[in-house]
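Reproduced below: query02.txt, with compact mmCIF, C-alpha atoms.
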# COMPACT_ATOMS: atom_id res chain seq x y z
CA MET A 23 -22.13 5.36 18.13
CA ALA A 24 -18.44 4.63 18.47
CA TRP A 25 -15.89 6.64 16.53
CA ARG A 26 -12.22 7.59 16.25
CA TRP A 27 -10.27 10.74 15.56
CA ARG A 28 -7.84 10.41 12.64
CA VAL A 29 -4.96 12.87 12.38
CA CYS A 30 -3.33 13.10 8.94
CA ALA A 31 -0.20 15.00 8.07
CA ALA A 32 1.25 15.71 4.66
CA LEU A 33 4.95 16.43 4.44
CA VAL A 34 5.38 18.89 7.30
CA ALA A 35 7.19 18.50 10.61
CA ALA A 36 4.27 18.75 13.05
CA CYS A 37 3.61 17.88 16.66
CA PHE A 38 0.55 17.94 18.86
CA ALA A 39 -0.73 17.23 22.36
CA ALA A 40 -4.45 16.52 22.66
CA SER A 41 -6.78 17.29 25.55
CA LEU A 42 -9.50 14.64 25.68
CA THR A 43 -10.69 11.62 27.59
CA THR A 44 -8.85 8.45 26.62
CA ALA A 45 -10.05 4.87 26.99
CA GLN A 46 -9.97 3.15 30.34
CA VAL A 47 -8.04 -0.09 30.80
CA ALA A 48 -9.87 -3.12 32.15
CA PRO A 49 -7.98 -5.26 34.71
CA ALA A 50 -5.94 -8.18 33.42
CA CYS A 51 -7.74 -11.54 33.13
CA GLN A 52 -11.09 -9.83 32.82
CA ASN A 53 -12.48 -10.69 29.42
CA PRO A 54 -14.74 -8.19 27.67
CA PRO A 55 -18.48 -8.87 27.86
CA ILE A 56 -20.14 -10.57 24.92
CA ALA A 57 -20.71 -8.03 22.15
CA THR A 58 -24.46 -8.42 21.62
CA PHE A 59 -24.88 -5.01 19.95
CA ASP A 60 -28.20 -4.62 21.73
CA LYS A 61 -27.38 -1.20 23.16
CA SER A 62 -24.45 0.02 21.09
CA PHE A 63 -21.52 -1.08 18.95
CA ASP A 64 -19.99 -2.32 22.22
CA LEU A 65 -16.18 -2.38 21.80
CA PHE A 66 -16.24 -2.10 18.00
CA SER A 67 -16.18 0.81 15.57
CA ASN A 68 -16.32 1.43 11.83
CA SER A 69 -13.15 2.16 9.89
CA GLN A 70 -12.82 5.29 7.77
CA ALA A 71 -10.61 3.49 5.25
CA ASP A 72 -13.39 1.64 3.43
CA GLU A 73 -16.48 2.26 1.28
CA LEU A 74 -19.33 0.92 3.46
CA ASP A 75 -20.21 1.02 7.15
CA TRP A 76 -21.44 -1.70 9.43
CA LEU A 77 -24.92 -0.73 10.64
CA ARG A 78 -26.74 -1.63 13.85
CA ASP A 79 -30.16 -3.10 13.07
CA ARG A 80 -33.06 -5.21 14.28
CA ALA A 81 -36.10 -7.02 12.83
CA GLY A 82 -34.75 -7.53 9.34
CA THR A 83 -32.74 -5.53 6.83
CA PRO A 84 -34.56 -3.33 4.26
CA SER A 85 -34.01 -5.70 1.33
CA ILE A 86 -36.15 -8.75 0.61
CA GLY A 87 -34.44 -12.13 0.36
CA THR A 88 -31.31 -11.27 2.32
CA GLY A 89 -30.14 -10.62 5.88
CA PRO A 90 -31.53 -11.90 9.19
CA THR A 91 -35.02 -11.18 10.54
CA VAL A 92 -34.05 -11.80 14.18
CA ASP A 93 -30.80 -11.43 16.12
CA HIS A 94 -28.88 -14.36 17.56
CA THR A 95 -28.81 -13.20 21.20
CA THR A 96 -32.56 -13.19 21.83
CA GLY A 97 -33.82 -14.93 18.71
CA THR A 98 -36.46 -12.22 18.37
CA SER A 99 -37.07 -9.06 16.35
CA ALA A 100 -36.30 -7.00 19.49
CA GLY A 101 -32.61 -7.94 19.52
CA HIS A 102 -29.90 -6.16 17.55
CA TYR A 103 -27.03 -7.20 15.31
CA LEU A 104 -24.53 -5.51 12.99
CA TYR A 105 -24.84 -5.88 9.23
CA ILE A 106 -23.78 -4.35 5.91
CA GLU A 107 -26.43 -2.87 3.60
CA THR A 108 -25.64 -3.86 0.01
CA SER A 109 -28.38 -1.89 -1.78
CA ALA A 110 -27.43 1.12 -3.93
CA PRO A 111 -25.32 3.21 -3.77
CA ALA A 112 -23.13 0.24 -2.78
CA VAL A 113 -21.39 -1.39 -5.75
CA PRO A 114 -19.71 -4.79 -6.21
CA GLY A 115 -16.46 -5.10 -4.31
CA ASN A 116 -17.18 -2.35 -1.76
CA LEU A 117 -15.74 -3.21 1.66
CA ALA A 118 -16.96 -2.59 5.22
CA LEU A 119 -14.25 -2.80 7.89
CA LEU A 120 -15.07 -3.11 11.60
CA TYR A 121 -12.32 -2.62 14.23
CA SER A 122 -12.42 -4.00 17.73
CA THR A 123 -10.94 -2.15 20.65
CA ARG A 124 -7.33 -3.03 21.54
CA TYR A 125 -6.88 -6.32 23.40
CA THR A 126 -3.92 -8.08 24.98
CA ASN A 127 -4.05 -11.76 25.96
CA THR A 128 -1.39 -13.75 27.78
CA LYS A 129 -2.80 -17.25 27.27
CA SER A 130 -3.72 -19.18 24.17
CA CYS A 131 -7.50 -19.29 23.80
CA SER A 132 -10.36 -18.88 21.35
CA MET A 133 -12.88 -16.29 20.28
CA SER A 134 -16.26 -17.02 18.73
CA PHE A 135 -18.96 -15.10 16.91
CA TRP A 136 -22.20 -15.77 15.07
CA TYR A 137 -22.61 -14.78 11.44
CA HIS A 138 -25.47 -14.67 8.94
CA MET A 139 -24.83 -14.80 5.18
CA TYR A 140 -28.15 -15.19 3.40
CA GLY A 141 -28.88 -14.02 -0.15
CA THR A 142 -28.19 -15.03 -3.73
CA THR A 143 -25.44 -12.44 -4.21
CA ILE A 144 -23.54 -12.70 -0.92
CA GLY A 145 -19.94 -11.48 -1.08
CA SER A 146 -17.43 -12.51 1.58
CA LEU A 147 -16.70 -12.18 5.29
CA ASN A 148 -13.12 -12.21 6.56
CA VAL A 149 -11.91 -11.93 10.15
CA VAL A 150 -8.27 -11.24 10.98
CA TYR A 151 -6.08 -10.91 14.05
CA GLN A 152 -4.00 -7.74 13.64
CA GLU A 153 -1.06 -7.34 15.99
CA LEU A 154 -0.53 -3.61 16.39
CA GLY A 155 2.81 -2.44 15.06
CA SER A 156 2.97 -5.30 12.58
CA ALA A 157 2.00 -5.07 8.92
CA THR A 158 1.21 -8.80 8.88
CA SER A 159 -2.24 -10.02 9.88
CA THR A 160 -3.39 -13.55 10.76
CA SER A 161 -6.55 -14.89 9.16
CA LEU A 162 -9.02 -16.26 11.71
CA PHE A 163 -12.03 -16.92 9.47
CA SER A 164 -13.12 -16.59 5.86
CA ALA A 165 -16.41 -17.43 4.14
CA SER A 166 -18.20 -16.42 0.96
CA GLY A 167 -21.48 -17.09 -0.80
CA ASN A 168 -24.98 -17.92 0.38
CA LYS A 169 -25.03 -19.92 3.65
CA GLY A 170 -28.79 -20.02 4.08
CA ASN A 171 -31.19 -18.12 6.31
CA ALA A 172 -29.63 -19.11 9.64
CA TRP A 173 -27.18 -17.88 12.24
CA LEU A 174 -23.95 -19.91 12.16
CA ILE A 175 -21.14 -19.99 14.71
CA ALA A 176 -17.43 -19.56 14.01
CA THR A 177 -14.62 -20.22 16.48
CA ALA A 178 -10.98 -19.23 16.02
CA LYS A 179 -7.86 -19.75 18.11
CA LEU A 180 -5.94 -16.64 19.18
CA PRO A 181 -2.16 -16.60 19.64
CA ALA A 182 -0.82 -15.69 23.08
CA THR A 183 1.76 -13.04 22.23
CA GLY A 184 1.18 -10.65 25.12
CA LYS A 185 1.16 -7.85 22.55
CA PRO A 186 -1.77 -5.51 21.79
CA PHE A 187 -3.98 -6.54 18.90
CA GLU A 188 -7.28 -5.84 17.19
CA ILE A 189 -9.92 -8.12 15.70
CA ARG A 190 -11.05 -6.85 12.30
CA PHE A 191 -14.21 -7.94 10.48
CA THR A 192 -14.24 -7.17 6.75
CA ALA A 193 -17.34 -7.80 4.67
CA SER A 194 -17.46 -7.32 0.91
CA ARG A 195 -20.46 -6.47 -1.24
CA GLY A 196 -21.38 -9.11 -3.82
CA THR A 197 -22.77 -8.56 -7.29
CA SER A 198 -26.16 -7.18 -6.24
CA PHE A 199 -28.36 -6.02 -3.34
CA THR A 200 -29.18 -9.50 -1.99
CA GLY A 201 -25.85 -9.65 -0.18
CA ASP A 202 -26.47 -8.39 3.37
CA ILE A 203 -24.00 -9.95 5.85
CA ALA A 204 -24.53 -9.78 9.63
CA ILE A 205 -22.64 -10.65 12.82
CA ASP A 206 -23.67 -10.98 16.47
CA ASP A 207 -22.49 -12.17 19.89
CA VAL A 208 -18.70 -11.82 19.64
CA SER A 209 -17.11 -13.44 22.68
CA PHE A 210 -13.83 -14.71 24.12
CA GLN A 211 -13.11 -17.81 26.22
CA THR A 212 -12.49 -17.25 29.93
CA ALA A 213 -9.02 -18.76 29.44
CA CYS A 214 -7.94 -15.77 27.34
CA CYS A 215 -6.84 -13.79 30.43
CA MET A 216 -7.21 -10.48 28.60
CA THR A 217 -6.60 -6.82 29.18
CA TYR A 218 -8.63 -4.49 26.99
CA PHE A 219 -9.50 -0.85 26.49
CA VAL A 220 -12.98 0.43 27.27
CA PRO A 221 -14.30 3.61 25.64
CA ASN A 222 -15.60 6.16 28.12
CA SER A 223 -19.32 6.87 28.17
CA GLY A 224 -18.77 10.51 27.19
CA LEU A 225 -15.76 12.58 26.21
CA CYS A 226 -16.65 15.45 28.53
CA ASN A 227 -17.31 13.50 31.72
CA THR A 228 -13.70 14.15 32.68
CA SER A 229 -10.78 15.93 31.14
CA SER A 230 -7.32 14.56 30.56
CA SER A 231 -4.35 15.22 28.32
CA VAL A 232 -2.45 12.98 25.95
CA SER A 233 1.07 14.29 26.36
CA PHE A 234 2.92 11.33 24.80
CA GLU A 235 5.09 10.96 27.89
CA GLY A 236 5.74 7.60 29.53
CA LYS A 237 5.98 4.12 28.08
CA THR A 238 4.95 3.75 24.43
CA THR A 239 5.67 1.49 21.48
CA THR A 240 6.50 2.40 17.91
CA SER A 241 2.88 1.77 16.91
CA VAL A 242 0.81 2.83 19.93
CA TYR A 243 1.21 6.17 21.73
CA ASN A 244 -1.02 6.67 24.78
CA GLY A 245 -3.83 4.83 23.01
CA TRP A 246 -3.23 6.52 19.64
CA GLN A 247 -1.95 4.16 16.96
CA GLN A 248 -0.31 4.21 13.56
CA SER A 249 -2.51 3.56 10.55
CA PHE A 250 -1.60 0.93 7.96
CA SER A 251 -3.32 2.87 5.16
CA ASP A 252 -0.62 5.52 4.70
CA GLN A 253 2.93 5.92 3.40
CA PHE A 254 4.95 6.66 6.57
CA ASP A 255 4.59 6.93 10.35
CA TRP A 256 4.40 9.50 13.11
CA LYS A 257 7.47 9.41 15.38
CA LEU A 258 8.01 10.06 19.07
CA ALA A 259 10.69 12.66 19.76
CA ASN A 260 12.09 15.08 22.31
CA ALA A 261 14.29 18.14 21.82
CA SER A 262 14.73 18.81 18.09
CA THR A 263 13.82 16.71 15.09
CA GLY A 264 16.57 15.25 12.95
CA THR A 265 16.40 18.02 10.34
CA PHE A 266 17.70 21.60 10.55
CA HIS A 267 15.32 24.57 10.30
CA THR A 268 12.10 22.59 10.74
CA GLY A 269 10.12 21.09 13.58
CA PRO A 270 10.03 22.09 17.27
CA SER A 271 13.01 22.23 19.61
CA VAL A 272 10.93 21.70 22.76
CA ASP A 273 7.58 20.02 23.49
CA HIS A 274 4.49 21.94 24.56
CA THR A 275 3.79 20.07 27.82
CA PHE A 276 7.04 20.90 29.62
CA ARG A 277 8.45 23.41 27.14
CA ASN A 278 11.90 21.88 27.43
CA ASN A 279 13.96 19.31 25.55
CA SER A 280 13.07 16.45 27.91
CA GLY A 281 9.37 16.48 27.01
CA HIS A 282 8.00 14.43 24.13
CA TYR A 283 5.78 15.05 21.12
CA LEU A 284 4.78 13.27 17.93
CA TYR A 285 5.96 14.52 14.55
CA VAL A 286 6.40 13.43 10.95
CA GLU A 287 9.92 13.22 9.54
CA SER A 288 9.71 14.46 5.95
CA SER A 289 13.24 13.57 4.90
CA ASN A 290 13.42 10.80 2.31
CA GLN A 291 9.69 11.07 1.62
CA VAL A 292 7.97 12.18 -1.57
CA LYS A 293 5.64 15.13 -1.98
CA GLY A 294 2.07 14.31 -0.96
CA ALA A 295 2.93 11.26 1.16
CA THR A 296 0.73 11.07 4.26
CA ALA A 297 1.11 9.83 7.83
CA LYS A 298 -2.10 8.89 9.65
CA LEU A 299 -2.64 8.48 13.39
CA ASP A 300 -5.84 6.91 14.76
CA SER A 301 -7.26 7.68 18.19
CA PRO A 302 -8.70 5.10 20.58
CA VAL A 303 -12.39 4.31 20.13
CA PHE A 304 -14.72 6.90 21.69
CA THR A 305 -18.46 7.02 22.11
CA THR A 306 -20.65 9.93 20.98
CA PRO A 307 -19.64 13.07 22.90
CA GLN A 308 -21.96 15.04 25.12
CA ALA A 309 -23.34 18.35 23.86
CA GLY A 310 -20.78 21.13 24.12
CA CYS A 311 -17.81 18.80 24.30
CA LYS A 312 -14.61 20.17 22.76
CA PHE A 313 -11.41 18.65 21.44
CA SER A 314 -8.18 20.63 21.40
CA PHE A 315 -4.55 20.03 20.52
CA TRP A 316 -1.31 21.94 20.07
CA TYR A 317 0.51 21.79 16.75
CA HIS A 318 3.80 23.00 15.30
CA MET A 319 4.32 23.64 11.57
Target encoding structure tokens, full file:
Amino acid sequence: MAWRWRVCAALVAACFAASLTTAQVAPACQNPPIATFDKSFDLFSNSQADELDWLRDRAGTPSIGTGPTVDHTTGTSAGHYLYIETSAPAVPGNLALLYSTRYTNTKSCSMSFWYHMYGTTIGSLNVVYQELGSATSTSLFSASGNKGNAWLIATAKLPATGKPFEIRFTASRGTSFTGDIAIDDVSFQTACCMTYFVPNSGLCNTSSSVSFEGKTTTSVYNGWQQSFSDQFDWKLANASTGTFHTGPSVDHTFRNNSGHYLYVESSNQVKGATAKLDSPVFTTPQAGCKFSFWYHM
């Protein structure tokens, strides 16, 4: 199972440095393998900012009259796919959001995926291109309603911005339980010339630190990224924060004013406002694995 850490801060000036294994970076112009979901979620993970999860399944969903009975990759009941389960306790309008890993492509190209939307109360499936650091997303695909008991292909053109981005699949629950939506075989054209982040096979295979030193952007810090489901952002700083009598004056890594940390600036914010920071995608940790970080409040 793939997962993320989410760090949330209410109005306090806080900083941290985490000790954990971050994602590896695949070489440029090496597209990710087709996401068949036969062994795992591949390079995708569920969001925590929704009501439903995407589930990995095979040989038919639990409800009669909805969902696939075979996957697209093998065309048999042995193959796997991802789907949303719309039986209770799910209610109409519930959303399931699936994040990809972070990609960067330098050439205009296309991605494709197979989808299955069978049932009398199918909701909708939307796929967007989300450039990290931007609040604006680009719609790649949208469909709603019953499409029949068949796997269908969708292809969408990706912009060549050279900036990191995610692909996000959002499925909504329709009016009743016959609304299971599934996806399979997500792939990118060879022409994409991509760089992408690969989750490690286990958090405790190696040990490394996220010190927030080196090149970063305003939205991505050593693989950790700002959330869009909050009220303000974490900031990169060194020395003191911009407010007297709060926050650190040195970082923890170097313990001097040249080292960096992340913090939340509480000036001009209202009580209870939150800042969320999402980790890269990780796979299930090995037994005994530990996560640690330093904080300042």
> Which one is closest to Cys51 (chain A): A:Cys215, A:Phe163, A:Ser301, A:Asn278? Count only C-alpha atoms.
Replying inline: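 Between A:Cys215, A:Phe163, A:Ser301, A:Asn278, the residue approaching Cys51 (chain A) most closely is A:Cys215.
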> Using only C-alpha atoms, which of A:Leu104, A:Gln291, A:Thr96, A:Ala213 sits nearest Arg78 (chain A)?
Replying inline: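 For Arg78 (chain A), the nearest of the given residues is A:Leu104.
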For region 199-207 of chain A, find every residue with an atom within 6 Å (counting only C-alpha atoms), except residues of its own chain fewer than 2 positions away, and show them as a compact mmCIF listing (two decimals) with C-alpha atoms, in the coordinates of the input.
# COMPACT_ATOMS: atom_id res chain seq x y z
CA ILE A 56 -20.14 -10.57 24.92
CA ALA A 57 -20.71 -8.03 22.15
CA THR A 58 -24.46 -8.42 21.62
CA THR A 88 -31.31 -11.27 2.32
CA GLY A 89 -30.14 -10.62 5.88
CA TYR A 103 -27.03 -7.20 15.31
CA LEU A 104 -24.53 -5.51 12.99
CA TYR A 105 -24.84 -5.88 9.23
CA ILE A 106 -23.78 -4.35 5.91
CA GLU A 107 -26.43 -2.87 3.60
CA THR A 108 -25.64 -3.86 0.01
CA SER A 109 -28.38 -1.89 -1.78
CA PHE A 135 -18.96 -15.10 16.91
CA TRP A 136 -22.20 -15.77 15.07
CA TYR A 137 -22.61 -14.78 11.44
CA HIS A 138 -25.47 -14.67 8.94
CA MET A 139 -24.83 -14.80 5.18
CA GLY A 141 -28.88 -14.02 -0.15
CA THR A 142 -28.19 -15.03 -3.73
CA THR A 143 -25.44 -12.44 -4.21
CA ILE A 144 -23.54 -12.70 -0.92
CA GLY A 196 -21.38 -9.11 -3.82
>> With distances taken over all atoms listed in the file, which residue among A:Thr263, A:Ser69, A:Arg124, A:Trp173 lies nearest Phe219 (chain A)?
In response: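 The shortest atom-to-atom distance to Phe219 (chain A) comes from A:Arg124.
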>> Which polymer residues, whether protein, DNA or RNA, lie within 8 Å of the coordinate (-16.3, -15.3, 20.2) when you count all atoms listed in the file? List them as a ChimeraX atom specification, using the chain letters and numbers from the file.
In response: /A:56,132-136,176-178,207-211
>> From the options A:Ser164, A:Thr95, A:Ser198, A:Ser130, which residue's atoms come nearest to Leu147 (chain A), counting only C-alpha atoms?
In response: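 The answer is A:Ser164, which sits nearest to Leu147 (chain A).
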> Hey, which of A:Asp75, A:Lys179, A:Ser271, A:Asn279 ends up closest to Leu119 (chain A)? Count only C-alpha atoms.
Replying inline: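 For Leu119 (chain A), the nearest of the candidates is A:Asp75.
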> Quick one, how far is CA of Arg80 (chain A) from CA of Asp93 (chain A)?
Replying inline: 6.9 Å
